[in-house]
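Colleague: Next up is a structure, given as structure tokens.
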Amino acid sequence: MIFAEWKPLEELTDKLGGFKKVLLAGCATCVAECAAGGEKEVETLAPLLRMGLKEKGFDVEILTATLEKQCEWEFVEELAELVQQVDAVLSIACGIGVQALAERFDERPVYPGVNTSALTIRQESGLWASRCAACGDCVLGETFGLCPVARCAKSLMNGPCGGTRANGSCELDEDVDCIWKLIVDRAEARGALESLAEIKKPKDWSASRHGGPKRVIREELRQ
Amino acid sequence: MSAKSNKNCFEPEVVLLYCQHCVGDGAEIAVQSQQACGFSVRPMMMPCSSKIEVPYILRILEQGADAVELVACPDGGCRFLVGSLRAEKRIDYIRKLLTQINFGAERVGISRGPGLSGEELLALAADRAEAVRNLGANPMKKGEHR
């Protein structure tokens with residue numbers, strides 16, 4: 001899922017202080033899964049904003065709505081009437097949702113209420129961990145289903161760095177496994193250790209963010 | 001004159017949420033019949049302290065209550081095993097959020113049973129009322145201005 005976390009409440013109340021009426025818009029998809037932007041978080045953040053703004057001396061009316069998906073135009077359209085009633089929108093969807101609202105309702109300021117930071121899996125209740133970096137050239141087939149791009153601090157493609165701790169954790173964070181240690185362990189368990197010694201072509205980073213903004217066209221789907 | 005500007009006249013309104021299993025027989029009737037001095041209390045019995053979700057307490061404060069005290073079963077004494085633990089984590093989280101908006105973490109607290117009498121419940125509400133007395137009235141209360 002796309003992972004996001006609330007921006008500091010002080011930053012949000014600073015941003016909204018000058019408005020009379022604001023729409024707080026959530027998204028019931030990824031950001032609901034990571035407990036940052038779903039319906040429950042909208043109902044948590046709305047009273048906090050009202051109280052925080054009141055504490056600063058502002059009377060701001062906060063309306064609320066949660067879309068099924070803020071990244072699909074059909075759902076975004078459901079906000080059209082509500083947006084007409086407000087001076088600004090605070091979106092707690094991921095950066096895609098924020099931009100979708102800003103594009104559709106470009107006559108209104110749309111602010112992000114969260115920082116979108118990673119593509120994660122929920123490992124256990126209250127713990128999320130990176131699993132994908134959307135690099136555009138997936139190597140999971142060669143690394144036994146473990147991603148060295150997202151899960152190595154240096155995104156190394158050819159084995160561990162010299163900083164792996166004796167217990168197999170990363171030198172930057174002892175609670176994070178060195179992904180190359182896990183790759184080697186899994187290769188060994190499958191009796192395929194030699195496959196890691198094969199010389200591989202350099203990874204094509206042009207498909208990642210290094211290649212500039214991505215735009216994908218699939219003619220078979222276009223109308 | 002707002003209650004904030006005259007703290008001596010301020011009588012905190014405390015919402016007392018308590019798990020039905022952490023009180024003794026008849027406590028709910030007793031707490032309702034007790035006379036609170038220097039504060040007012042609105043008791044509300046819950047099936048378990050863990051039924052209280054974060055937005056519920058924030059909404060109570062948003063609607064003008066000066067303080068909320070949640071009374072849960074003791075560690076290891078929850079009939080739903082981890083209900084009171086969850087409640088405690090939620091209260092800690094709410095207190096952090098209230099600090100972020102400068103609203104006063106003291107407005108929310110948690111205490112533990114078991115077998116509390118009506119008088120003891122009222123004493124917990126009194127402690128919470130004292131904790132918020134210096135903060136003054138909830139600015140969300142109608143007529144309050146900062």
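Each chain in the structure tokens gets a letter, A, B and so on, in the order shown; residues start at 1 in every chain, and ligands are counted from 1 in the order they appear.
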Would you kindly report the residues of chain A within 12 Å of chain B, using only C-alpha atoms, as JSON, numbers by chain?
Modeller: {"A": [6, 7, 8, 9, 10, 11, 12, 13, 14, 39, 40, 41, 42, 43, 44, 45, 46, 47, 48, 49, 50, 51, 52, 53, 54, 55, 56, 57, 58, 59, 126]}
Colleague: May I have the selected residues written with N, CA, C and O atoms, as a tab-separated table (two decimals), in the first residue's frame?
Modeller:
chain	number	residue	atom	x	y	z
A	6	TRP	N	0.26	11.68	9.04
A	6	TRP	CA	-0.21	13.06	9.23
A	6	TRP	C	0.97	14.02	9.30
A	6	TRP	O	2.00	13.72	9.92
A	7	LYS	N	0.79	15.19	8.72
A	7	LYS	CA	1.73	16.28	8.97
A	7	LYS	C	1.52	16.75	10.41
A	7	LYS	O	0.46	16.51	11.00
A	8	PRO	N	2.52	17.44	10.98
A	8	PRO	CA	2.32	17.97	12.34
A	8	PRO	C	1.08	18.85	12.41
A	8	PRO	O	0.82	19.65	11.50
A	9	LEU	N	0.28	18.69	13.48
A	9	LEU	CA	-0.98	19.43	13.59
A	9	LEU	C	-0.75	20.93	13.60
A	9	LEU	O	-1.56	21.71	13.08
A	10	GLU	N	0.37	21.35	14.16
A	10	GLU	CA	0.71	22.78	14.19
A	10	GLU	C	0.82	23.32	12.75
A	10	GLU	O	0.32	24.40	12.45
A	11	GLU	N	1.46	22.54	11.89
A	11	GLU	CA	1.61	22.94	10.48
A	11	GLU	C	0.23	23.06	9.81
A	11	GLU	O	-0.02	23.99	9.05
A	12	LEU	N	-0.65	22.12	10.12
A	12	LEU	CA	-1.98	22.13	9.49
A	12	LEU	C	-2.82	23.31	9.97
A	12	LEU	O	-3.47	23.98	9.17
A	13	THR	N	-2.80	23.58	11.27
A	13	THR	CA	-3.61	24.69	11.78
A	13	THR	C	-3.03	26.03	11.31
A	13	THR	O	-3.78	26.97	11.05
A	14	ASP	N	-1.72	26.11	11.16
A	14	ASP	CA	-1.11	27.33	10.60
A	14	ASP	C	-1.63	27.58	9.19
A	14	ASP	O	-1.92	28.69	8.79
A	39	GLU	N	-11.76	7.05	6.76
A	39	GLU	CA	-12.91	7.69	7.40
A	39	GLU	C	-12.67	7.92	8.90
A	39	GLU	O	-12.98	8.98	9.45
A	40	LYS	N	-12.07	6.92	9.53
A	40	LYS	CA	-11.80	7.03	10.97
A	40	LYS	C	-10.82	8.17	11.26
A	40	LYS	O	-10.97	8.92	12.23
A	41	GLU	N	-9.81	8.30	10.40
A	41	GLU	CA	-8.82	9.36	10.61
A	41	GLU	C	-9.42	10.73	10.31
A	41	GLU	O	-9.05	11.72	10.95
A	42	VAL	N	-10.34	10.78	9.34
A	42	VAL	CA	-11.04	12.04	9.08
A	42	VAL	C	-11.82	12.46	10.33
A	42	VAL	O	-11.78	13.62	10.76
A	43	GLU	N	-12.51	11.48	10.94
A	43	GLU	CA	-13.31	11.78	12.13
A	43	GLU	C	-12.44	12.06	13.36
A	43	GLU	O	-12.92	12.60	14.36
A	44	THR	N	-11.18	11.66	13.31
A	44	THR	CA	-10.24	11.99	14.39
A	44	THR	C	-9.63	13.37	14.16
A	44	THR	O	-9.51	14.18	15.09
A	45	LEU	N	-9.22	13.61	12.93
A	45	LEU	CA	-8.52	14.87	12.63
A	45	LEU	C	-9.45	16.08	12.67
A	45	LEU	O	-9.04	17.17	13.09
A	46	ALA	N	-10.70	15.89	12.23
A	46	ALA	CA	-11.62	17.04	12.16
A	46	ALA	C	-11.80	17.73	13.52
A	46	ALA	O	-11.60	18.95	13.62
A	47	PRO	N	-12.13	16.99	14.60
A	47	PRO	CA	-12.25	17.70	15.89
A	47	PRO	C	-10.93	18.30	16.36
A	47	PRO	O	-10.91	19.36	16.98
A	48	LEU	N	-9.81	17.61	16.05
A	48	LEU	CA	-8.51	18.17	16.44
A	48	LEU	C	-8.24	19.49	15.75
A	48	LEU	O	-7.73	20.44	16.35
A	49	LEU	N	-8.59	19.56	14.47
A	49	LEU	CA	-8.39	20.82	13.73
A	49	LEU	C	-9.29	21.91	14.29
A	49	LEU	O	-8.85	23.05	14.48
A	50	ARG	N	-10.55	21.54	14.56
A	50	ARG	CA	-11.48	22.55	15.10
A	50	ARG	C	-10.97	23.09	16.44
A	50	ARG	O	-10.97	24.29	16.69
A	51	MET	N	-10.50	22.17	17.29
A	51	MET	CA	-10.02	22.58	18.61
A	51	MET	C	-8.71	23.35	18.50
A	51	MET	O	-8.51	24.36	19.16
A	52	GLY	N	-7.80	22.86	17.64
A	52	GLY	CA	-6.50	23.52	17.47
A	52	GLY	C	-6.66	24.92	16.89
A	52	GLY	O	-5.98	25.87	17.30
A	53	LEU	N	-7.58	25.06	15.95
A	53	LEU	CA	-7.82	26.37	15.34
A	53	LEU	C	-8.48	27.31	16.34
A	53	LEU	O	-8.13	28.49	16.43
A	54	LYS	N	-9.42	26.78	17.12
A	54	LYS	CA	-10.09	27.60	18.14
A	54	LYS	C	-9.07	28.08	19.17
A	54	LYS	O	-9.10	29.23	19.61
A	55	GLU	N	-8.18	27.19	19.55
A	55	GLU	CA	-7.13	27.53	20.52
A	55	GLU	C	-6.28	28.69	20.00
A	55	GLU	O	-5.80	29.52	20.78
A	56	LYS	N	-6.11	28.75	18.67
A	56	LYS	CA	-5.32	29.83	18.08
A	56	LYS	C	-6.16	31.08	17.80
A	56	LYS	O	-5.65	32.04	17.23
A	57	GLY	N	-7.45	30.98	18.13
A	57	GLY	CA	-8.30	32.15	17.94
A	57	GLY	C	-9.04	32.20	16.61
A	57	GLY	O	-9.61	33.22	16.25
A	58	PHE	N	-9.03	31.09	15.88
A	58	PHE	CA	-9.72	31.06	14.58
A	58	PHE	C	-11.02	30.27	14.69
A	58	PHE	O	-11.06	29.21	15.32
A	59	ASP	N	-12.06	30.79	14.04
A	59	ASP	CA	-13.31	30.04	13.93
A	59	ASP	C	-13.40	29.51	12.51
A	59	ASP	O	-13.76	30.25	11.59
A	126	GLY	N	0.30	-1.83	13.69
A	126	GLY	CA	1.11	-0.66	14.06
A	126	GLY	C	2.52	-0.66	13.53
A	126	GLY	O	3.33	0.17	13.93
Colleague: Among range 76-117 of chain B, which residues carry a DSSP assignment of alpha helix (DSSP H), reported as an MDAnalysis selection string?
Modeller: chainID B and resid 83:100
Colleague: Between A:Phe144, A:Trp205, A:Trp180, A:Tyr111, which has the minimum distance to Lys15 in chain A (counting only C-alpha atoms)?
Modeller: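 For Lys15 in chain A, the nearest of the candidates is A:Tyr111.
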Colleague: Between CA of Gly109 in chain B and CA of Tyr18 in chain B, what distance in Å does the model show, to one decimal?
Modeller: 11.8 Å
Colleague: Using backbone DSSP assignments, extract all strand (DSSP E) residues from range 29-185 of chain A; output them as JSON, numbers by chain.
Modeller: {"A": [61, 62, 63, 64, 65, 66, 67, 88, 89, 90, 91, 110, 111, 112, 114, 115, 116, 117, 118, 119, 120, 121, 122, 123, 124, 127, 128, 129, 130, 131, 132]}
Colleague: Give me the residues within 7 Å of range 149-166 of chain A as number ranges by chain, counting only C-alpha atoms and dropping any in the same chain fewer than 4 places off.
Modeller: A: 130-133, 170-171, 178-181
Colleague: What's around range 191-203 of chain A at 10 Å? Count only C-alpha atoms, leave out sequence neighbours fewer than 2 positions away in its own chain, and write the answer as a list in words.
Modeller: Cys135, Asp137, Cys138, Val139, Glu142, Thr143, Phe144, Met157, Asn158, Gly159, Ile183, Val184, Asp185, Arg186, Ala187, Glu188, Ala189, Trp205, Ser206 and Ala207 of chain A
Colleague: Name the residues in contact with Pro114 in chain B at a cut-off of 6 Å, using only C-alpha atoms, excluding same-chain residues fewer than 4 positions from it; report them as a count of residues only.
Modeller: 3
Colleague: Would you mind listing what lies within 12 Å of Gly113 in chain B as a CSV table (one decimal) with N, CA, C and O atoms, in the first residue's frame, with only C-alpha atoms counted and same-chain residues fewer than 5 positions away left out?
Modeller:
chain,number,residue,atom,x,y,z
B,18,TYR,N,-16.7,4.8,32.3
B,18,TYR,CA,-16.2,3.7,33.0
B,18,TYR,C,-16.7,2.3,32.6
B,18,TYR,O,-17.8,2.2,32.2
B,19,CYS,N,-15.8,1.4,32.7
B,19,CYS,CA,-16.1,0.0,32.3
B,19,CYS,C,-17.1,-0.6,33.3
B,19,CYS,O,-16.9,-0.4,34.5
B,20,GLN,N,-18.1,-1.3,32.9
B,20,GLN,CA,-19.1,-1.8,33.8
B,20,GLN,C,-18.5,-2.9,34.8
B,20,GLN,O,-19.0,-3.2,35.8
B,21,HIS,N,-17.3,-3.4,34.4
B,21,HIS,CA,-16.7,-4.5,35.2
B,21,HIS,C,-15.7,-3.9,36.2
B,21,HIS,O,-15.2,-4.7,37.0
B,22,CYS,N,-15.5,-2.6,36.2
B,22,CYS,CA,-14.5,-2.1,37.2
B,22,CYS,C,-15.2,-1.4,38.4
B,22,CYS,O,-14.5,-0.8,39.2
B,23,VAL,N,-16.5,-1.5,38.4
B,23,VAL,CA,-17.2,-0.9,39.5
B,23,VAL,C,-17.9,-2.0,40.4
B,23,VAL,O,-18.3,-3.0,39.9
B,24,GLY,N,-18.2,-1.6,41.6
B,24,GLY,CA,-18.9,-2.5,42.5
B,24,GLY,C,-20.4,-2.4,42.2
B,24,GLY,O,-20.9,-1.5,41.5
B,27,ALA,N,-22.7,1.0,42.0
B,27,ALA,CA,-21.9,2.2,41.9
B,27,ALA,C,-22.4,3.2,40.9
B,27,ALA,O,-22.4,4.4,41.1
B,49,SER,N,-13.8,-0.7,28.5
B,49,SER,CA,-13.1,0.6,28.2
B,49,SER,C,-12.6,0.7,26.8
B,49,SER,O,-12.4,1.7,26.3
B,70,LEU,N,-11.4,8.2,31.9
B,70,LEU,CA,-11.8,6.9,31.5
B,70,LEU,C,-11.3,5.9,32.6
B,70,LEU,O,-10.2,5.9,33.0
B,71,VAL,N,-12.2,5.1,33.1
B,71,VAL,CA,-11.9,4.2,34.2
B,71,VAL,C,-12.0,2.8,33.6
B,71,VAL,O,-13.0,2.3,33.1
B,72,ALA,N,-10.8,2.1,33.7
B,72,ALA,CA,-10.7,0.8,33.1
B,72,ALA,C,-10.4,-0.3,34.2
B,72,ALA,O,-10.1,0.1,35.3
B,73,CYS,N,-10.5,-1.5,33.8
B,73,CYS,CA,-10.1,-2.6,34.7
B,73,CYS,C,-8.6,-2.6,34.9
B,73,CYS,O,-7.8,-2.1,34.1
B,74,PRO,N,-8.1,-3.2,36.0
B,74,PRO,CA,-6.7,-3.3,36.2
B,74,PRO,C,-6.0,-4.2,35.2
B,74,PRO,O,-6.6,-5.0,34.5
B,75,ASP,N,-4.6,-4.0,35.1
B,75,ASP,CA,-3.8,-4.8,34.3
B,75,ASP,C,-4.1,-6.3,34.6
B,75,ASP,O,-4.1,-6.7,35.7
B,76,GLY,N,-4.4,-7.1,33.5
B,76,GLY,CA,-4.6,-8.5,33.7
B,76,GLY,C,-6.0,-8.8,34.2
B,76,GLY,O,-6.4,-9.9,34.3
B,77,GLY,N,-6.8,-7.8,34.4
B,77,GLY,CA,-8.2,-8.0,34.9
B,77,GLY,C,-9.3,-7.8,33.9
B,77,GLY,O,-10.5,-7.9,34.3
B,78,CYS,N,-8.9,-7.4,32.7
B,78,CYS,CA,-9.9,-7.1,31.6
B,78,CYS,C,-10.5,-8.4,31.2
B,78,CYS,O,-9.8,-9.4,30.8
B,84,SER,N,-8.4,-3.2,28.3
B,84,SER,CA,-8.0,-2.0,29.1
B,84,SER,C,-6.6,-1.5,28.6
B,84,SER,O,-6.3,-0.4,28.7
B,118,GLY,N,-19.3,4.2,44.1
B,118,GLY,CA,-19.8,5.5,43.6
B,118,GLY,C,-18.9,6.6,44.1
B,118,GLY,O,-18.5,7.5,43.4
B,120,GLU,N,-15.8,6.4,45.1
B,120,GLU,CA,-14.5,6.4,44.5
B,120,GLU,C,-14.5,6.9,43.1
B,120,GLU,O,-13.5,7.5,42.6
B,121,LEU,N,-15.5,6.5,42.3
B,121,LEU,CA,-15.7,7.1,41.0
B,121,LEU,C,-15.7,8.6,41.0
B,121,LEU,O,-15.0,9.3,40.2
B,124,LEU,N,-12.3,10.1,41.5
B,124,LEU,CA,-11.5,10.1,40.3
B,124,LEU,C,-11.9,11.3,39.4
B,124,LEU,O,-11.0,11.9,38.8
Colleague: Would you kindly return, as a PDB file with N, CA, C and O atoms, in the first residue's frame, each protein, DNA or RNA residue with an atom no farther than 6 Å from any atom of Leu90 in chain A, considering only C-alpha atoms and excluding same-chain residues fewer than 5 positions away?
Modeller:
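Listing of part-v9.pdb after writing:
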ATOM      1  N   LEU A  24     -12.290  18.728   4.765  1.00  0.00           N
ATOM      2  CA  LEU A  24     -11.273  17.709   5.070  1.00  0.00           C
ATOM      3  C   LEU A  24     -11.669  16.445   4.312  1.00  0.00           C
ATOM      4  O   LEU A  24     -12.720  15.857   4.587  1.00  0.00           O
ATOM      5  N   VAL A 110      -5.815  23.502  -2.475  1.00  0.00           N
ATOM      6  CA  VAL A 110      -5.887  22.136  -1.930  1.00  0.00           C
ATOM      7  C   VAL A 110      -4.564  21.853  -1.231  1.00  0.00           C
ATOM      8  O   VAL A 110      -3.507  21.929  -1.863  1.00  0.00           O
ATOM      9  N   TYR A 111      -4.630  21.564   0.063  1.00  0.00           N
ATOM     10  CA  TYR A 111      -3.406  21.336   0.838  1.00  0.00           C
ATOM     11  C   TYR A 111      -3.275  19.862   1.210  1.00  0.00           C
ATOM     12  O   TYR A 111      -4.274  19.190   1.470  1.00  0.00           O
ATOM     13  N   PRO A 112      -2.038  19.376   1.284  1.00  0.00           N
ATOM     14  CA  PRO A 112      -1.840  18.007   1.761  1.00  0.00           C
ATOM     15  C   PRO A 112      -1.856  17.974   3.284  1.00  0.00           C
ATOM     16  O   PRO A 112      -1.206  18.796   3.933  1.00  0.00           O
ATOM     17  N   GLY A 113      -2.585  17.020   3.836  1.00  0.00           N
ATOM     18  CA  GLY A 113      -2.600  16.857   5.297  1.00  0.00           C
ATOM     19  C   GLY A 113      -1.668  15.758   5.757  1.00  0.00           C
ATOM     20  O   GLY A 113      -1.492  15.544   6.949  1.00  0.00           O
TER      21      GLY A 113
END
Colleague: How close does each residue of range 2-43 of chain A get to range 74-77 of chain A, giving the shortest atom pair and distance in Å to one decimal for every residue with an atom at most 12 Å away, counting only C-alpha atoms, sorted by chain and residue number, as a tab-separated table?
Modeller:
residue	atom	partner	partner_atom	distance
A:Ala25	CA	A:Val76	CA	10.1
A:Gly26	CA	A:Val76	CA	10.9
A:Cys27	CA	A:Phe75	CA	9.9
A:Ala28	CA	A:Phe75	CA	11.0
A:Thr29	CA	A:Phe75	CA	11.9
Colleague: Filtering to all heavy atoms, could you give me those residues as a PDB file, in the first residue's frame?
Modeller:
ATOM      1  N   ALA A  25     -10.828  16.056   3.356  1.00  0.00           N
ATOM      2  CA  ALA A  25     -11.191  14.946   2.465  1.00  0.00           C
ATOM      3  C   ALA A  25     -10.288  13.738   2.679  1.00  0.00           C
ATOM      4  O   ALA A  25      -9.064  13.830   2.549  1.00  0.00           O
ATOM      5  CB  ALA A  25     -11.111  15.414   1.011  1.00  0.00           C
ATOM      6  N   GLY A  26     -10.896  12.609   3.006  1.00  0.00           N
ATOM      7  CA  GLY A  26     -10.141  11.376   3.196  1.00  0.00           C
ATOM      8  C   GLY A  26     -10.279  10.456   2.004  1.00  0.00           C
ATOM      9  O   GLY A  26     -11.002  10.743   1.040  1.00  0.00           O
ATOM     10  N   CYS A  27      -9.572   9.349   2.069  1.00  0.00           N
ATOM     11  CA  CYS A  27      -9.593   8.343   0.994  1.00  0.00           C
ATOM     12  C   CYS A  27      -9.632   6.979   1.661  1.00  0.00           C
ATOM     13  O   CYS A  27      -8.834   6.690   2.551  1.00  0.00           O
ATOM     14  CB  CYS A  27      -8.340   8.484   0.129  1.00  0.00           C
ATOM     15  SG  CYS A  27      -8.171   7.183  -1.103  1.00  0.00           S
ATOM     16  N   ALA A  28     -10.591   6.144   1.247  1.00  0.00           N
ATOM     17  CA  ALA A  28     -10.811   4.870   1.949  1.00  0.00           C
ATOM     18  C   ALA A  28      -9.947   3.730   1.428  1.00  0.00           C
ATOM     19  O   ALA A  28     -10.237   2.569   1.695  1.00  0.00           O
ATOM     20  CB  ALA A  28     -12.288   4.502   1.857  1.00  0.00           C
ATOM     21  N   THR A  29      -8.882   4.069   0.703  1.00  0.00           N
ATOM     22  CA  THR A  29      -8.069   2.991   0.128  1.00  0.00           C
ATOM     23  C   THR A  29      -6.736   2.874   0.891  1.00  0.00           C
ATOM     24  O   THR A  29      -6.746   2.581   2.063  1.00  0.00           O
ATOM     25  CB  THR A  29      -7.900   3.209  -1.384  1.00  0.00           C
ATOM     26  OG1 THR A  29      -9.177   3.585  -1.913  1.00  0.00           O
ATOM     27  CG2 THR A  29      -7.484   1.939  -2.089  1.00  0.00           C
TER      28      THR A  29
END
